[in-house]
Amino acid sequence: MENFENVTYLNHPLIQHKISILRNKETGTNEFRQLVEEIAMLEGFEALNDLPLEDVEVETPIEKCMTPMIAGRKLAIVPILRAGLGMVEGILALVPSAKVGHIGLYRDEVTFEPHEYYCKLPNPIEERTIVVCDPMLATGGSAVDAITMIKKRGGKNIKFMCIIAAPDGVKRLHEAHPDVQIYVGHLDRCLNENAYICPGLGDAGDRIFGTK
């Protein structure tokens, strides 16, 4: 496992336990969806530990005091459609005031490369902390392209969150965007000939939404 300065592997026992349940092919749609939300919340707790704070005056039942609250423009959550949608509610549970954008990419079945079909971001995107989320970081193509799209539209402070990743994807994303903090729930062994993560958990989008 290569260690890159901008990559954090989240080894918390709760995250690892929930990922193991996700992997089980017998885990049903409802439980799978709920677990993805819970893992996103646990990962978000770590990924958002550097949000800027400012002291504001609050009156408690006892007295007035200065106490810290998140400063400036709030968060922007940008899921990569469609599987990334499964992580949004978990992060929103932490920061309900966050704005949500969407990036749509589909993967060419021959080349495995992503193609854009939709991009809508909160405005002004350049003033926000942006969390791009996708449960799977396989080849890294979708993540690289999504972040490139955000940067072209003015995004600067960008983080990427995934639940499982292949070494190829981590390396590719790190090399393309070394300024982006990457948070990985678990680093899996490799990609197979169809660019699926092994041992993986199957197609995250199909398992979240109950499709085949």
# chains A, B, ... in the order shown; residues from 1 in each chain; ligands from 1
>>> residues_around(residues="A:Glu43", least_positions_apart="3", cutoff="8 Å", atoms="only C-alpha atoms", output="PDB file with C-alpha atoms, in the first residue's frame")
ATOM      1  CA  LEU A  10     -10.193   5.365   7.779  1.00  0.00           C
ATOM      2  CA  ILE A  15     -16.420   1.664   9.524  1.00  0.00           C
ATOM      3  CA  ILE A  39     -20.520   4.851   6.710  1.00  0.00           C
ATOM      4  CA  ALA A  40     -20.716   8.206   4.915  1.00  0.00           C
ATOM      5  CA  GLU A  46     -13.282  12.587   9.978  1.00  0.00           C
ATOM      6  CA  ALA A  47     -13.179  14.397   6.631  1.00  0.00           C
ATOM      7  CA  MET A 161     -14.792  10.422  -0.032  1.00  0.00           C
ATOM      8  CA  TYR A 183     -10.700   9.650   2.359  1.00  0.00           C
ATOM      9  CA  GLY A 185     -12.960   3.480   4.008  1.00  0.00           C
TER      10      GLY A 185
END
>>> select_by_dssp(residues="stretch 11-169 of chain A", states="strand (DSSP E)", output="ChimeraX atom specification")
/A:53-59,64-70,75-81,99-100,102-107,114-120,129-133,136-137,157-165
>>> residues_around(residues="A:Leu53", least_positions_apart="3", cutoff="6 Å", atoms="only C-alpha atoms", output="VMD selection string")
chain A and resid 68 to 71
>>> closest_atom_pairs(of="stretch 97-160 of chain A", to="stretch 202-206 of chain A", cutoff="12 Å", atoms="only C-alpha atoms", output="Markdown table")
| residue | atom | partner | partner_atom | distance |
| --- | --- | --- | --- | --- |
| A:Tyr106 | CA | A:Gly205 | CA | 11.9 |
| A:Asp134 | CA | A:Ala204 | CA | 9.2 |
| A:Pro135 | CA | A:Ala204 | CA | 6.8 |
| A:Met136 | CA | A:Ala204 | CA | 7.3 |
| A:Leu137 | CA | A:Ala204 | CA | 10.9 |
| A:Ala138 | CA | A:Asp203 | CA | 11.1 |
>>> residues_around(residues="A:Met87", least_positions_apart="3", cutoff="12 Å", atoms="only C-alpha atoms", output="JSON, numbers by chain")
{"A": [32, 33, 34, 35, 36, 37, 38, 39, 40, 41, 42, 43, 44, 77, 78, 79, 80, 81, 82, 83, 84, 90, 91, 92, 93, 94, 100, 131, 132, 133, 134, 135, 136, 160, 161, 162, 163, 204, 205, 208]}
>>> closest_residue(among="A:Lys64, A:Lys152, A:Arg128, A:His12", to="A:Val184", atoms="only C-alpha atoms")
A:His12
>>> select_by_dssp(residues="stretch 40-188 of chain A", states="helix (DSSP H, G or I)", output="PyMOL selection string")
chain A and resi 40-47+85-94+125-127+141-152+167-176
>>> residues_around(residues="A:Lys171", least_positions_apart="2", cutoff="12 Å", atoms="only C-alpha atoms", output="mmCIF file with N, CA and C atoms, in the first residue's frame")
data_model
loop_
_atom_site.group_PDB
_atom_site.id
_atom_site.type_symbol
_atom_site.label_atom_id
_atom_site.label_comp_id
_atom_site.auth_asym_id
_atom_site.auth_seq_id
_atom_site.Cartn_x
_atom_site.Cartn_y
_atom_site.Cartn_z
ATOM 1 N N MET A 1 0.852 -1.200 0.000
ATOM 2 C CA MET A 1 0.000 0.000 0.000
ATOM 3 C C MET A 1 0.882 1.242 0.000
ATOM 4 N N GLU A 2 0.738 2.067 -1.041
ATOM 5 C CA GLU A 2 1.496 3.312 -1.109
ATOM 6 C C GLU A 2 0.857 4.352 -0.198
ATOM 7 N N ASN A 3 1.699 5.095 0.485
ATOM 8 C CA ASN A 3 1.215 6.146 1.357
ATOM 9 C C ASN A 3 1.426 7.501 0.695
ATOM 10 N N PHE A 4 0.321 8.180 0.395
ATOM 11 C CA PHE A 4 0.374 9.513 -0.170
ATOM 12 C C PHE A 4 -0.086 10.492 0.889
ATOM 13 N N GLU A 5 0.527 11.666 0.914
ATOM 14 C CA GLU A 5 0.218 12.648 1.955
ATOM 15 C C GLU A 5 -1.246 13.076 1.940
ATOM 16 N N ASN A 6 -1.872 13.057 0.775
ATOM 17 C CA ASN A 6 -3.249 13.540 0.669
ATOM 18 C C ASN A 6 -4.289 12.427 0.793
ATOM 19 N N VAL A 7 -3.863 11.210 1.183
ATOM 20 C CA VAL A 7 -4.791 10.083 1.304
ATOM 21 C C VAL A 7 -4.888 9.642 2.759
ATOM 22 N N LEU A 137 -14.044 3.750 -5.653
ATOM 23 C CA LEU A 137 -12.949 4.374 -6.408
ATOM 24 C C LEU A 137 -12.214 3.227 -7.092
ATOM 25 N N ALA A 138 -12.602 2.943 -8.324
ATOM 26 C CA ALA A 138 -12.073 1.778 -9.047
ATOM 27 C C ALA A 138 -10.886 2.188 -9.917
ATOM 28 N N THR A 139 -11.132 2.541 -11.170
ATOM 29 C CA THR A 139 -10.038 3.015 -12.024
ATOM 30 C C THR A 139 -9.620 4.430 -11.663
ATOM 31 N N GLY A 140 -10.532 5.170 -11.031
ATOM 32 C CA GLY A 140 -10.265 6.564 -10.695
ATOM 33 C C GLY A 140 -10.708 7.538 -11.763
ATOM 34 N N GLY A 141 -11.143 7.031 -12.919
ATOM 35 C CA GLY A 141 -11.497 7.913 -14.024
ATOM 36 C C GLY A 141 -12.636 8.863 -13.707
ATOM 37 N N ALA A 143 -13.763 9.884 -10.737
ATOM 38 C CA ALA A 143 -13.376 10.840 -9.698
ATOM 39 C C ALA A 143 -12.477 11.934 -10.264
ATOM 40 N N VAL A 144 -11.504 11.548 -11.081
ATOM 41 C CA VAL A 144 -10.590 12.517 -11.690
ATOM 42 C C VAL A 144 -11.370 13.504 -12.553
ATOM 43 N N ALA A 165 -11.810 1.310 -2.260
ATOM 44 C CA ALA A 165 -10.984 1.783 -3.371
ATOM 45 C C ALA A 165 -10.027 0.694 -3.809
ATOM 46 N N ALA A 166 -9.650 0.735 -5.077
ATOM 47 C CA ALA A 166 -8.573 -0.101 -5.607
ATOM 48 C C ALA A 166 -7.286 0.726 -5.638
ATOM 49 N N PRO A 167 -6.135 0.083 -5.478
ATOM 50 C CA PRO A 167 -4.868 0.834 -5.510
ATOM 51 C C PRO A 167 -4.710 1.671 -6.778
ATOM 52 N N ASP A 168 -5.177 1.142 -7.917
ATOM 53 C CA ASP A 168 -5.068 1.883 -9.190
ATOM 54 C C ASP A 168 -5.791 3.224 -9.105
ATOM 55 N N GLY A 169 -6.996 3.198 -8.541
ATOM 56 C CA GLY A 169 -7.799 4.410 -8.458
ATOM 57 C C GLY A 169 -7.203 5.442 -7.532
ATOM 58 N N LEU A 173 -5.991 9.092 -8.886
ATOM 59 C CA LEU A 173 -6.587 10.315 -8.344
ATOM 60 C C LEU A 173 -5.534 11.174 -7.664
ATOM 61 N N HIS A 174 -4.646 10.550 -6.925
ATOM 62 C CA HIS A 174 -3.557 11.296 -6.273
ATOM 63 C C HIS A 174 -2.692 12.017 -7.303
ATOM 64 N N GLU A 175 -2.343 11.323 -8.380
ATOM 65 C CA GLU A 175 -1.459 11.932 -9.381
ATOM 66 C C GLU A 175 -2.142 13.064 -10.132
ATOM 67 N N ALA A 176 -3.450 12.909 -10.397
ATOM 68 C CA ALA A 176 -4.172 13.938 -11.148
ATOM 69 C C ALA A 176 -4.500 15.153 -10.288
ATOM 70 N N HIS A 177 -4.803 14.913 -8.995
ATOM 71 C CA HIS A 177 -5.233 15.998 -8.107
ATOM 72 C C HIS A 177 -4.554 15.873 -6.747
ATOM 73 N N PRO A 178 -3.253 16.138 -6.680
ATOM 74 C CA PRO A 178 -2.535 15.985 -5.399
ATOM 75 C C PRO A 178 -2.981 16.970 -4.328
ATOM 76 N N ILE A 182 -8.142 12.873 0.040
ATOM 77 C CA ILE A 182 -8.873 11.660 -0.316
ATOM 78 C C ILE A 182 -9.105 10.837 0.947
ATOM 79 N N LEU A 187 -9.048 -0.030 1.543
ATOM 80 C CA LEU A 187 -8.294 -0.240 0.313
ATOM 81 C C LEU A 187 -8.344 -1.720 -0.039
#
>>> decode(residues="stretch 137-169 of chain A", atoms="N, CA and C atoms", output="tab-separated table (two decimals), in the first residue's frame")
chain	number	residue	atom	x	y	z
A	137	LEU	N	-14.04	3.75	-5.65
A	137	LEU	CA	-12.95	4.37	-6.41
A	137	LEU	C	-12.21	3.23	-7.09
A	138	ALA	N	-12.60	2.94	-8.32
A	138	ALA	CA	-12.07	1.78	-9.05
A	138	ALA	C	-10.89	2.19	-9.92
A	139	THR	N	-11.13	2.54	-11.17
A	139	THR	CA	-10.04	3.01	-12.02
A	139	THR	C	-9.62	4.43	-11.66
A	140	GLY	N	-10.53	5.17	-11.03
A	140	GLY	CA	-10.26	6.56	-10.69
A	140	GLY	C	-10.71	7.54	-11.76
A	141	GLY	N	-11.14	7.03	-12.92
A	141	GLY	CA	-11.50	7.91	-14.02
A	141	GLY	C	-12.64	8.86	-13.71
A	142	SER	N	-13.70	8.36	-13.11
A	142	SER	CA	-14.85	9.20	-12.80
A	142	SER	C	-14.49	10.27	-11.78
A	143	ALA	N	-13.76	9.88	-10.74
A	143	ALA	CA	-13.38	10.84	-9.70
A	143	ALA	C	-12.48	11.93	-10.26
A	144	VAL	N	-11.50	11.55	-11.08
A	144	VAL	CA	-10.59	12.52	-11.69
A	144	VAL	C	-11.37	13.50	-12.55
A	145	ASP	N	-12.26	12.99	-13.39
A	145	ASP	CA	-13.02	13.86	-14.29
A	145	ASP	C	-13.99	14.75	-13.53
A	146	ALA	N	-14.66	14.21	-12.49
A	146	ALA	CA	-15.60	15.00	-11.71
A	146	ALA	C	-14.89	16.17	-11.04
A	147	ILE	N	-13.73	15.91	-10.46
A	147	ILE	CA	-12.99	16.97	-9.77
A	147	ILE	C	-12.45	17.98	-10.77
A	148	THR	N	-12.02	17.51	-11.94
A	148	THR	CA	-11.58	18.44	-13.00
A	148	THR	C	-12.72	19.37	-13.39
A	149	MET	N	-13.93	18.84	-13.53
A	149	MET	CA	-15.11	19.64	-13.87
A	149	MET	C	-15.38	20.70	-12.80
A	150	ILE	N	-15.25	20.30	-11.55
A	150	ILE	CA	-15.49	21.25	-10.45
A	150	ILE	C	-14.44	22.36	-10.46
A	151	LYS	N	-13.19	22.00	-10.68
A	151	LYS	CA	-12.13	23.01	-10.72
A	151	LYS	C	-12.34	23.99	-11.88
A	152	LYS	N	-12.78	23.47	-13.02
A	152	LYS	CA	-13.02	24.35	-14.17
A	152	LYS	C	-14.12	25.36	-13.88
A	153	ARG	N	-15.02	25.01	-12.97
A	153	ARG	CA	-16.12	25.90	-12.60
A	153	ARG	C	-15.79	26.75	-11.37
A	154	GLY	N	-14.55	26.68	-10.90
A	154	GLY	CA	-14.10	27.57	-9.82
A	154	GLY	C	-13.89	26.93	-8.47
A	155	GLY	N	-14.21	25.64	-8.32
A	155	GLY	CA	-14.02	24.98	-7.03
A	155	GLY	C	-12.55	24.87	-6.66
A	156	LYS	N	-12.25	25.09	-5.38
A	156	LYS	CA	-10.85	25.11	-4.94
A	156	LYS	C	-10.59	24.15	-3.78
A	157	ASN	N	-11.39	24.26	-2.73
A	157	ASN	CA	-11.16	23.44	-1.53
A	157	ASN	C	-11.99	22.16	-1.65
A	158	ILE	N	-11.38	21.11	-2.21
A	158	ILE	CA	-12.11	19.90	-2.58
A	158	ILE	C	-11.60	18.70	-1.80
A	159	LYS	N	-12.55	17.88	-1.33
A	159	LYS	CA	-12.24	16.61	-0.70
A	159	LYS	C	-12.97	15.51	-1.48
A	160	PHE	N	-12.43	14.29	-1.42
A	160	PHE	CA	-13.10	13.16	-2.06
A	160	PHE	C	-13.27	12.04	-1.04
A	161	MET	N	-14.49	11.50	-0.96
A	161	MET	CA	-14.79	10.42	-0.03
A	161	MET	C	-15.29	9.20	-0.78
A	162	CYS	N	-14.74	8.03	-0.46
A	162	CYS	CA	-15.26	6.78	-1.01
A	162	CYS	C	-15.29	5.74	0.10
A	163	ILE	N	-16.04	4.67	-0.15
A	163	ILE	CA	-16.13	3.60	0.86
A	163	ILE	C	-15.06	2.55	0.63
A	164	ILE	N	-14.91	2.06	-0.61
A	164	ILE	CA	-13.81	1.16	-0.92
A	164	ILE	C	-13.08	1.68	-2.17
A	165	ALA	N	-11.81	1.31	-2.26
A	165	ALA	CA	-10.98	1.78	-3.37
A	165	ALA	C	-10.03	0.69	-3.81
A	166	ALA	N	-9.65	0.74	-5.08
A	166	ALA	CA	-8.57	-0.10	-5.61
A	166	ALA	C	-7.29	0.73	-5.64
A	167	PRO	N	-6.14	0.08	-5.48
A	167	PRO	CA	-4.87	0.83	-5.51
A	167	PRO	C	-4.71	1.67	-6.78
A	168	ASP	N	-5.18	1.14	-7.92
A	168	ASP	CA	-5.07	1.88	-9.19
A	168	ASP	C	-5.79	3.22	-9.11
A	169	GLY	N	-7.00	3.20	-8.54
A	169	GLY	CA	-7.80	4.41	-8.46
A	169	GLY	C	-7.20	5.44	-7.53
